[in-house]
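Novice: Pasting start_14.cif here (mmCIF, C-alpha atoms):
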```
data_work
loop_
_atom_site.label_atom_id
_atom_site.label_comp_id
_atom_site.auth_asym_id
_atom_site.auth_seq_id
_atom_site.Cartn_x
_atom_site.Cartn_y
_atom_site.Cartn_z
CA MET A 8 -13.77 9.19 -54.40
CA PRO A 9 -10.75 6.85 -54.71
CA THR A 10 -8.87 5.90 -51.54
CA PRO A 11 -5.41 7.53 -51.38
CA ASP A 12 -2.49 5.11 -51.49
CA TYR A 13 -1.33 6.13 -48.02
CA MET A 14 -4.65 5.24 -46.35
CA ILE A 15 -5.07 1.75 -44.81
CA PRO A 16 -8.16 -0.07 -46.11
CA ALA A 17 -10.91 -0.35 -43.49
CA VAL A 18 -11.03 -4.15 -43.86
CA LEU A 19 -7.50 -4.37 -42.47
CA LEU A 20 -8.34 -2.22 -39.48
CA GLU A 21 -11.49 -4.15 -38.57
CA PRO A 22 -9.78 -6.74 -36.29
CA PHE A 23 -8.34 -3.87 -34.21
CA SER A 24 -11.56 -1.87 -33.99
CA GLY A 25 -12.26 -2.98 -30.42
CA ILE A 26 -8.79 -2.09 -29.15
CA THR A 27 -8.43 1.26 -27.42
CA MET A 28 -5.25 2.98 -26.33
CA PRO A 29 -4.86 3.27 -22.54
CA SER A 30 -5.45 6.70 -21.07
CA LEU A 31 -2.62 8.64 -19.47
CA THR A 32 -3.85 7.64 -16.00
CA GLU A 33 -3.95 3.96 -16.97
CA PHE A 34 -0.49 4.22 -18.53
CA ILE A 35 0.97 5.78 -15.37
CA SER A 36 -0.72 3.08 -13.28
CA ILE A 37 0.86 0.34 -15.43
CA VAL A 38 4.29 1.95 -15.14
CA CYS A 39 3.94 2.26 -11.35
CA GLN A 40 2.89 -1.37 -11.04
CA GLY A 41 5.89 -2.43 -13.12
CA ALA A 42 8.15 -0.34 -10.89
CA MET A 43 6.66 -2.01 -7.81
CA ILE A 44 7.26 -5.49 -9.23
CA PHE A 45 10.86 -5.05 -10.38
CA GLY A 46 12.02 -1.92 -8.57
CA GLY A 47 12.86 -3.75 -5.37
CA VAL A 48 15.41 -5.93 -7.17
CA PHE A 49 17.44 -3.16 -8.83
CA PRO A 50 19.14 -1.80 -5.66
CA PHE A 51 20.85 -5.14 -5.11
CA ILE A 52 22.36 -5.33 -8.59
CA PRO A 53 25.25 -2.90 -7.78
CA GLN A 54 26.00 -4.83 -4.56
CA TYR A 55 25.95 -8.16 -6.42
CA LEU A 56 28.30 -6.79 -9.10
CA ASP A 57 30.63 -5.25 -6.48
CA ILE A 58 30.94 -8.58 -4.66
CA LYS A 59 31.49 -10.45 -7.90
CA LYS A 60 34.14 -7.98 -9.07
CA SER A 61 36.03 -7.61 -5.79
CA GLY A 62 35.71 -11.20 -4.60
CA ASN A 63 34.96 -9.83 -1.13
CA ALA A 64 31.59 -9.84 0.64
CA ASP A 65 32.77 -8.72 4.09
CA GLY A 66 31.20 -5.26 3.79
CA PHE A 67 27.71 -6.60 3.11
CA SER A 68 25.54 -8.16 5.80
CA THR A 69 23.84 -11.33 4.62
CA PHE A 70 21.27 -10.75 7.38
CA VAL A 71 19.78 -8.21 4.97
CA CYS A 72 18.95 -11.19 2.76
CA LEU A 73 17.51 -13.06 5.74
CA ASN A 74 15.28 -10.09 6.59
CA LEU A 75 13.89 -9.88 3.09
CA LEU A 76 13.43 -13.63 2.74
CA ILE A 77 11.37 -13.75 5.93
CA ALA A 78 9.45 -10.58 5.05
CA ASN A 79 8.50 -11.70 1.56
CA ILE A 80 7.63 -15.27 2.48
CA LEU A 81 5.34 -13.91 5.20
CA ARG A 82 3.82 -11.44 2.74
CA ILE A 83 3.09 -14.25 0.28
CA MET A 84 1.31 -16.16 3.05
CA PHE A 85 -0.54 -12.99 4.06
CA TRP A 86 -1.93 -12.76 0.53
CA PHE A 87 -3.82 -16.05 1.00
CA GLY A 88 -5.58 -14.64 4.05
CA ARG A 89 -6.16 -11.11 2.81
CA HIS A 90 -5.75 -10.49 -0.89
CA PHE A 91 -3.82 -7.37 -1.80
CA GLU A 92 -2.63 -6.07 -5.16
CA LEU A 93 -1.02 -8.66 -7.44
CA PRO A 94 2.03 -6.44 -8.21
CA LEU A 95 2.98 -6.65 -4.53
CA LEU A 96 2.61 -10.43 -4.60
CA ALA A 97 4.74 -10.67 -7.74
CA GLN A 98 7.35 -8.40 -6.14
CA SER A 99 7.60 -10.74 -3.15
CA ILE A 100 8.08 -13.85 -5.29
CA ILE A 101 10.82 -12.19 -7.36
CA MET A 102 12.52 -10.83 -4.24
CA VAL A 103 12.75 -14.29 -2.66
CA PHE A 104 14.75 -15.60 -5.63
CA THR A 105 16.86 -12.42 -5.71
CA MET A 106 17.85 -12.77 -2.06
CA LEU A 107 18.75 -16.42 -2.55
CA ALA A 108 20.99 -15.44 -5.48
CA LEU A 109 22.70 -12.71 -3.42
CA THR A 110 23.17 -15.07 -0.48
CA GLU A 111 24.67 -17.68 -2.80
CA ILE A 112 27.38 -15.37 -4.15
CA CYS A 113 28.24 -14.14 -0.64
CA VAL A 114 28.66 -17.71 0.63
CA ARG A 115 30.62 -18.76 -2.47
CA VAL A 116 32.98 -15.76 -2.29
CA LYS A 117 33.59 -16.18 1.43
CA HIS A 118 34.30 -19.90 1.04
CA ARG A 119 36.69 -19.22 -1.84
CA SER A 120 38.60 -16.48 0.04
CA GLU A 121 39.36 -18.63 3.07
CA ILE A 122 43.08 -19.38 3.30
CA LEU A 123 42.70 -21.96 6.05
CA ALA A 124 39.61 -24.12 5.97
CA SER A 125 37.49 -23.45 9.05
CA LYS A 126 35.15 -25.87 10.74
CA GLU A 127 32.07 -26.56 8.67
CA HIS A 128 28.72 -25.38 9.99
CA LYS A 129 25.38 -26.64 8.69
CA PHE A 130 21.75 -25.79 9.27
CA THR A 131 21.13 -29.30 10.58
CA ASP A 132 23.64 -28.66 13.40
CA PHE A 133 21.01 -26.37 14.96
CA ASP A 134 23.79 -24.27 16.48
CA ARG A 135 22.37 -20.83 17.33
CA ALA A 136 25.86 -19.30 17.43
CA TYR A 137 26.25 -19.94 13.71
CA PHE A 138 22.72 -19.24 12.57
CA TRP A 139 22.81 -17.79 9.05
CA LYS A 140 26.61 -18.22 9.07
CA TRP A 141 26.67 -21.65 7.53
CA THR A 142 29.43 -22.95 5.29
CA TYR A 143 27.43 -24.10 2.28
CA PHE A 144 24.53 -22.56 0.38
CA THR A 145 22.47 -25.75 0.69
CA SER A 146 21.97 -24.96 4.39
CA TYR A 147 20.41 -21.61 3.49
CA LEU A 148 18.08 -23.36 1.05
CA GLN A 149 17.13 -25.88 3.74
CA PHE A 150 16.24 -23.13 6.20
CA THR A 151 14.20 -21.26 3.58
CA ALA A 152 12.31 -24.42 2.67
CA VAL A 153 11.60 -25.34 6.31
CA PHE A 154 10.47 -21.81 7.17
CA THR A 155 8.18 -21.70 4.14
CA VAL A 156 6.61 -25.08 4.92
CA VAL A 157 6.07 -24.27 8.62
CA VAL A 158 4.54 -20.84 7.98
CA GLY A 159 2.52 -22.25 5.09
CA LEU A 160 1.09 -25.01 7.26
CA MET A 161 0.22 -22.57 10.04
CA THR A 162 -1.44 -20.25 7.54
CA TRP A 163 -3.51 -23.13 6.17
CA LEU A 164 -4.61 -24.07 9.70
CA PHE A 165 -5.43 -20.52 10.83
CA LEU A 166 -6.52 -19.01 7.52
CA ASP A 167 -9.92 -18.02 8.94
CA ASN A 168 -8.41 -16.43 12.04
CA MET A 169 -8.34 -12.68 11.46
CA TYR A 170 -5.82 -12.08 14.26
CA TYR A 171 -3.34 -14.58 12.82
CA VAL A 172 -3.65 -13.17 9.31
CA GLU A 173 -3.19 -9.58 10.47
CA THR A 174 -0.24 -10.62 12.63
CA ILE A 175 1.71 -12.21 9.78
CA GLY A 176 0.83 -9.20 7.63
CA PHE A 177 2.32 -6.85 10.21
CA LEU A 178 5.38 -9.07 10.74
CA ALA A 179 5.96 -9.13 6.97
CA VAL A 180 6.04 -5.37 6.54
CA PHE A 181 7.89 -4.83 9.83
CA ALA A 182 10.63 -7.30 8.85
CA GLU A 183 10.97 -5.51 5.51
CA ALA A 184 11.05 -2.15 7.29
CA MET A 185 14.03 -3.43 9.29
CA LEU A 186 15.82 -4.35 6.06
CA GLY A 187 18.64 -1.89 6.60
CA ALA A 188 19.08 -2.59 10.33
CA PRO A 189 21.63 -5.44 9.90
CA GLN A 190 23.67 -3.29 7.52
CA PHE A 191 23.45 -0.33 9.92
CA TYR A 192 24.67 -2.55 12.78
CA ARG A 193 27.52 -3.99 10.71
CA ASN A 194 28.67 -0.50 9.75
CA PHE A 195 28.44 0.59 13.38
CA VAL A 196 30.54 -2.35 14.62
CA ASN A 197 33.18 -1.91 11.89
CA LYS A 198 33.05 1.90 12.15
CA SER A 199 33.23 1.79 8.37
CA THR A 200 31.00 1.44 5.31
CA HIS A 201 33.79 -0.08 3.22
CA GLY A 202 32.48 -2.88 0.99
CA MET A 203 28.89 -1.65 1.15
CA SER A 204 27.50 -0.37 -2.15
CA LYS A 205 26.47 3.26 -1.75
CA LYS A 206 24.46 2.91 -4.95
CA MET A 207 22.48 0.14 -3.30
CA VAL A 208 21.59 2.33 -0.32
CA GLY A 209 20.72 5.23 -2.63
CA MET A 210 18.38 2.99 -4.60
CA TRP A 211 16.93 1.67 -1.33
CA THR A 212 16.06 5.21 -0.29
CA CYS A 213 14.52 6.20 -3.62
CA GLY A 214 12.61 2.92 -3.84
CA ASP A 215 11.33 3.12 -0.28
CA CYS A 216 10.14 6.71 -0.76
CA PHE A 217 8.31 5.68 -3.94
CA LYS A 218 6.91 2.54 -2.30
CA THR A 219 5.62 4.42 0.75
CA GLY A 220 3.93 6.99 -1.47
CA TYR A 221 2.45 4.17 -3.57
CA PHE A 222 1.01 2.53 -0.44
CA ILE A 223 -0.59 5.80 0.66
CA VAL A 224 -2.06 6.62 -2.77
CA ARG A 225 -3.36 3.08 -3.31
CA GLN A 226 -4.81 3.01 0.22
CA ALA A 227 -2.90 -0.11 1.20
CA PRO A 228 -3.35 -1.43 4.77
CA ALA A 229 -1.94 1.03 7.33
CA GLN A 230 0.90 -1.28 8.39
CA PHE A 231 2.33 -1.06 4.86
CA TRP A 232 2.90 2.70 4.78
CA ILE A 233 3.77 3.05 8.48
CA CYS A 234 6.57 0.52 8.14
CA GLY A 235 7.54 2.13 4.83
CA MET A 236 8.21 5.39 6.67
CA LEU A 237 10.32 3.49 9.23
CA GLN A 238 12.30 1.96 6.38
CA VAL A 239 13.04 5.38 4.88
CA GLY A 240 14.30 6.53 8.29
CA ILE A 241 16.76 3.61 8.50
CA ASP A 242 17.97 4.31 4.95
CA ILE A 243 18.73 7.91 5.89
CA SER A 244 20.57 6.70 9.01
CA ILE A 245 22.86 4.53 6.85
CA PHE A 246 23.61 7.54 4.66
CA LEU A 247 24.63 9.43 7.80
CA GLN A 248 27.03 6.57 8.57
CA VAL A 249 28.56 6.98 5.12
CA TYR A 250 29.29 10.61 6.01
CA CYS A 251 30.48 9.91 9.57
CA TYR A 252 32.80 7.06 8.59
CA ARG A 253 34.03 8.57 5.33
CA ASN A 254 37.66 8.90 6.55
CA LYS A 255 37.85 5.60 8.42
CA ALA A 256 39.21 2.38 7.02
CA ALA A 257 37.33 -0.87 7.34
CA ILE A 258 38.20 -3.09 10.27
CA SER A 259 38.87 -6.60 9.04
#
```
Kindly transcribe the structure held in the file into structure tokens.
Specialist:
Amino acid sequence: MPTPDYMIPAVLLEPFSGITMPSLTEFISIVCQGAMIFGGVFPFIPQYLDIKKSGNADGFSTFVCLNLLIANILRIMFWFGRHFELPLLAQSIIMVFTMLALTEICVRVKHRSEILASKEHKFTDFDRAYFWKWTYFTSYLQFTAVFTVVVGLMTWLFLDNMYYVETIGFLAVFAEAMLGAPQFYRNFVNKSTHGMSKKMVGMWTCGDCFKTGYFIVRQAPAQFWICGMLQVGIDISIFLQVYCYRNKAAIS
């Protein structure tokens, strides 16, 4: 019987004979892993764009960036002592660069908006009063590099010590769980949420709920989902601040 014109000859399909379409479960797993890798970055895009558009970063706490830098550098080191899922490792690497980018625009905008030049402060001054309040972005890079090298060296020395590995694992997820704490404190001091992206906090909450559920379903170490629940609680607290301070102007 002749082969209809619309049928593809078998010889052309032979190279693809060993390829099978992923099942629905596998497809959902791939989508979830992709969301874990890139989902953490998306909440900061509205805040980045708001700062770039307004030329004002006063409403955003750069200590949020510090929290996430420390948390994700520690998580990367934790991976060498106790391997966890690669999507979480990839998420941490991407988040480090994202936080550096957000810190850079905050420092640049603040420096540009100064009418009178203030005294310069650098990381190498080792002045605790101006920690993470330095004048130039290079100081933030220097701190990040030093912190990474020190923690990396300690991890290499104590890689076989279970207590050390578990400690940095806990510190990583706990620091991330406290992500919203600097922003909560800044809002509390100013009695205002002016300049803070509500979209960012909304995405934080959705992402943290998804992430906590992901940890539970994937049976991640207990410290991951416990701290995830703490993080959701802080997100909700910031939303309550948005409601409480809705009629109050920002204090400059």
Novice: Which residues are near region 232-247 of chain A? Cut-off 9 Å, only C-alpha atoms, ignore same chain within fewer than 3 positions. Put them as a ChimeraX atom specification.
Specialist: /A:177,180-188,190-191,194,200,205,208-209,211-213,215-216,218-223,226-229,250-252
Novice: Near Phe51 (chain A), counting all atoms listed in the file, which residues have an atom at most 9 Å away, once you skip same-chain residues fewer than 5 positions from it, shown as an MDAnalysis selection string?
Specialist: chainID A and resid 56 105:106 109 204 206:208 210:211
Novice: Run through the PyMOL selection byres ((chain A and resi 43) around 8) on the given coordinates and return the selected residues as a CSV table (one decimal) with C-alpha atoms, in the frame of the given file.
Specialist:
```
chain,number,residue,atom,x,y,z
A,39,CYS,CA,3.9,2.3,-11.4
A,40,GLN,CA,2.9,-1.4,-11.0
A,41,GLY,CA,5.9,-2.4,-13.1
A,42,ALA,CA,8.2,-0.3,-10.9
A,44,ILE,CA,7.3,-5.5,-9.2
A,45,PHE,CA,10.9,-5.0,-10.4
A,46,GLY,CA,12.0,-1.9,-8.6
A,47,GLY,CA,12.9,-3.8,-5.4
A,94,PRO,CA,2.0,-6.4,-8.2
A,95,LEU,CA,3.0,-6.6,-4.5
A,98,GLN,CA,7.4,-8.4,-6.1
A,218,LYS,CA,6.9,2.5,-2.3
```
Novice: Could you tell me how far CA of Ile35 (chain A) lies from CA of Leu96 (chain A), in Å and to one decimal?
Specialist: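 The value is 19.5 Å.
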Novice: Which is closer to Met169 (chain A) than all the others in A:Phe34, A:Phe70, A:Phe85, A:Tyr147, using only C-alpha atoms?
Specialist: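 Nearest candidate to Met169 (chain A) out of A:Phe34, A:Phe70, A:Phe85, A:Tyr147: A:Phe85.
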Novice: So which one's closest to Pro50 (chain A), A:Val116, A:Met203, A:Val224, A:Leu164? Using only C-alpha atoms, please.
Specialist: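 With only C-alpha atoms as the atom set, the closest residue is A:Met203.
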Novice: Mind pulling up the distance from CA of Asp57 (chain A) to CA of Ile112 (chain A)?
Specialist: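 Between these atoms lies a distance of 10.9 Å.
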Novice: I need the residue nearest Phe195 (chain A) from this list: A:Asp132, A:Gln248, A:Trp141, A:Ser99. Use all atoms listed in the file for the distance.
Specialist: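 Closest to Phe195 (chain A) of all the choices is A:Gln248.
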Novice: With only C-alpha atoms as the basis for distance, which of A:Ile175, A:Val114, A:Ile100, A:Val157 is at the shortest distance from Leu75 (chain A)?
Specialist: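 Smallest distance to Leu75 (chain A) is found for A:Ile100.
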Novice: Rounded to one decimal place, report the CA of Leu160 (chain A)-CA of Ala108 (chain A) distance in Å.
Specialist: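 Spanning CA of Leu160 (chain A) to CA of Ala108 (chain A) is a straight-line distance of 25.5 Å.
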Novice: Can you list, as a PyMOL selection string, the residues that the PyMOL selection byres ((chain A and resi 86) around 12) selects here?
Specialist: chain A and resi 79-85+87-97+99-100+159+162-163+166+172-173+175-176+179
Novice: Counting all atoms listed in the file, find the residues whose atoms lie at most 7 Å from (30.6, -21.7, 13.4) (file coordinates) and write them out as a PyMOL selection string.
Specialist: chain A and resi 126-128+136-137+140
Novice: Which residue, A:Cys113, A:Tyr192, A:Lys198, A:Val153, has the smallest gap to Lys59 (chain A) when you use all atoms listed in the file?
Specialist: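 So, comparing all the options, the nearest one is A:Cys113.
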Novice: When you count all atoms listed in the file, which of these residues is closest to Cys72 (chain A): A:Ser146, A:Asn254, A:Thr32, A:Thr151?
Specialist: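 That would be A:Thr151, the residue with the smallest distance to Cys72 (chain A).
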Novice: Enclose region 196-209 of chain A, meaning all of its atoms listed in the file, in a box aligned along x, y and z, pad it by 6 Å on each side, and list the centre and edge lengths in Å to one decimal, as JSON.
Specialist:
```
{"center_x": 27.3, "center_y": 1.2, "center_z": 4.8, "size_x": 25.1, "size_y": 20.1, "size_z": 31.6}
```
